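Okay, so here's the structure we're looking at.
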Amino acid sequence: MYFTVKEMAEMSHITVKTLHHYHKIGLLLPAKITEAGYRLYSMTELERLQEILFYRELDFPLLEIKRLLNQESNRQKVLAEQKQLLQTRRNRLEQLLDTISKSIDFEKRGETMEKQDLFKGFRSEEEWREALKVQDQYLQDKYGYSLLDEQKEIQVDDLNQKAEESVRFTNKMIEALQKGTKFNDVQLLETIGEHVSYLKAQNLLSSDAQFVEQTKFFLEDDFHRTMLENQQTGLAYFLYVSAEAYVKEHKQA
């Protein structure tokens, strides 16, 4: 039994154009192409499309999805891993919804939440390991580097604090980008300076130049650039050129 492009699109609730793009990049190839040039798909392709869309729901870049599916032929294993990732996201979203609901209640009462309640990180080492699992695997495969050392205990409170600072800084940069702020804006450079000072205090940076290299890596690496672009289009480039402007201004000061 075969399905046309139109039927595949209707069943999966995506566009025909998207299926054409998946074919073009080799992510989802038709089972056969007729003499008239029509693409036809079988159940095998339909199942692969399901797996692709689960990964897309998790914000995986298309090339990363292709790599993952091409190296793993066991559909049951792929689905089990996707289920685990989706459950982790669901737990995180439930946690965020709870924080938002509490924030709304405080606003209605004209009260201010305690600082520690404005940001809720993960509650256990297991949650952090699961949250970093995909990124860690990517770094291992491409760069031979691991974020997770099985022999080393994760300090949950410490990571939550660092994550809070990362969220604070990223949100300020997104806000600046949306407002059309120039790279050498004084307030923007102060925001970067505060973040760089924090990273240095945490021994996460040794120099201003290293911060530029970090933002350059985020811009050039597909996985990390996609993570930033999913939050705000143009964010990866904005971070990089703003970091360069900061270092240039800092040297002149």
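Chains: A, B, ... in order of the structure tokens. Residues: from 1 per chain. Ligands: from 1, in order shown.
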Problem set entry | Tyr22 of chain A surroundings by only C-alpha atoms, 12 Å radius, close-in-sequence under 2 positions cut, as a count of residues only | 25
Problem set entry | Nearby residues (only C-alpha atoms) at most 10 Å from segment 187-190 of chain A, same-chain spacing under 6 positions excluded, as a list of chain:residue names | A:Lys172, A:Met173, A:Ala176, A:Leu177, A:Thr181, A:Val196, A:Ser242, A:Ala243, A:Ala245, A:Tyr246, A:Val247, A:Glu249, A:His250
At a cut-off of 10 Å, using only C-alpha atoms, what residues contact segment 205-211 of chain A? Leave out same-chain residues fewer than 5 positions from it and give the result as a short mmCIF file (atom, residue, chain, number, x, y, z; two decimals) with C-alpha atoms, in the first residue's frame.
```cif
data_model
loop_
_atom_site.label_atom_id
_atom_site.label_comp_id
_atom_site.auth_asym_id
_atom_site.auth_seq_id
_atom_site.Cartn_x
_atom_site.Cartn_y
_atom_site.Cartn_z
CA ILE A 192 27.13 41.65 28.99
CA GLY A 193 29.68 42.89 31.52
CA HIS A 195 27.17 38.27 32.83
CA VAL A 196 30.88 37.96 32.01
CA SER A 197 31.77 38.93 35.59
CA TYR A 198 29.44 36.23 36.89
CA LEU A 199 30.98 33.59 34.60
CA LYS A 200 34.48 34.58 35.71
CA LYS A 216 31.26 32.29 18.12
CA PHE A 217 30.97 28.56 18.82
CA TYR A 240 28.38 37.12 18.95
CA ALA A 243 30.29 40.13 22.67
CA GLU A 244 32.83 41.45 20.17
CA TYR A 246 31.92 44.46 24.54
CA VAL A 247 35.51 43.26 24.31
CA LYS A 248 36.44 46.14 22.00
CA HIS A 250 36.44 47.00 27.38
CA LYS A 251 39.93 47.23 25.90
#
```
Exercise. Which one is closest to Ser166 of chain A: A:Gln137, A:Glu125, A:Leu228, A:Asp59? Count only C-alpha atoms.
Worked result: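 Smallest distance to Ser166 of chain A is found for A:Leu228.
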Exercise. What gap, in Å, lies between atom CA of Glu64 of chain A and atom CA of Phe223 of chain A?
Worked result: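 Rounded to one decimal, the two atoms are 7.6 Å apart.
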Seminar exercise, completed: One decimal place gives the atom CA of Met43 of chain A-atom CA of Phe3 of chain A separation as 8.4 Å
For this session: Find the residues near Ile154 of chain A: any atom within 10 Å, counting only C-alpha atoms, skip ones fewer than 4 places away on the same chain, and give them as a PyMOL selection string.
Result: chain A and resi 124-126+128-129+148-150+158-159
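Note that atom CA of Lys6 of chain A and atom CA of Arg39 of chain A are 9.6 Å apart.
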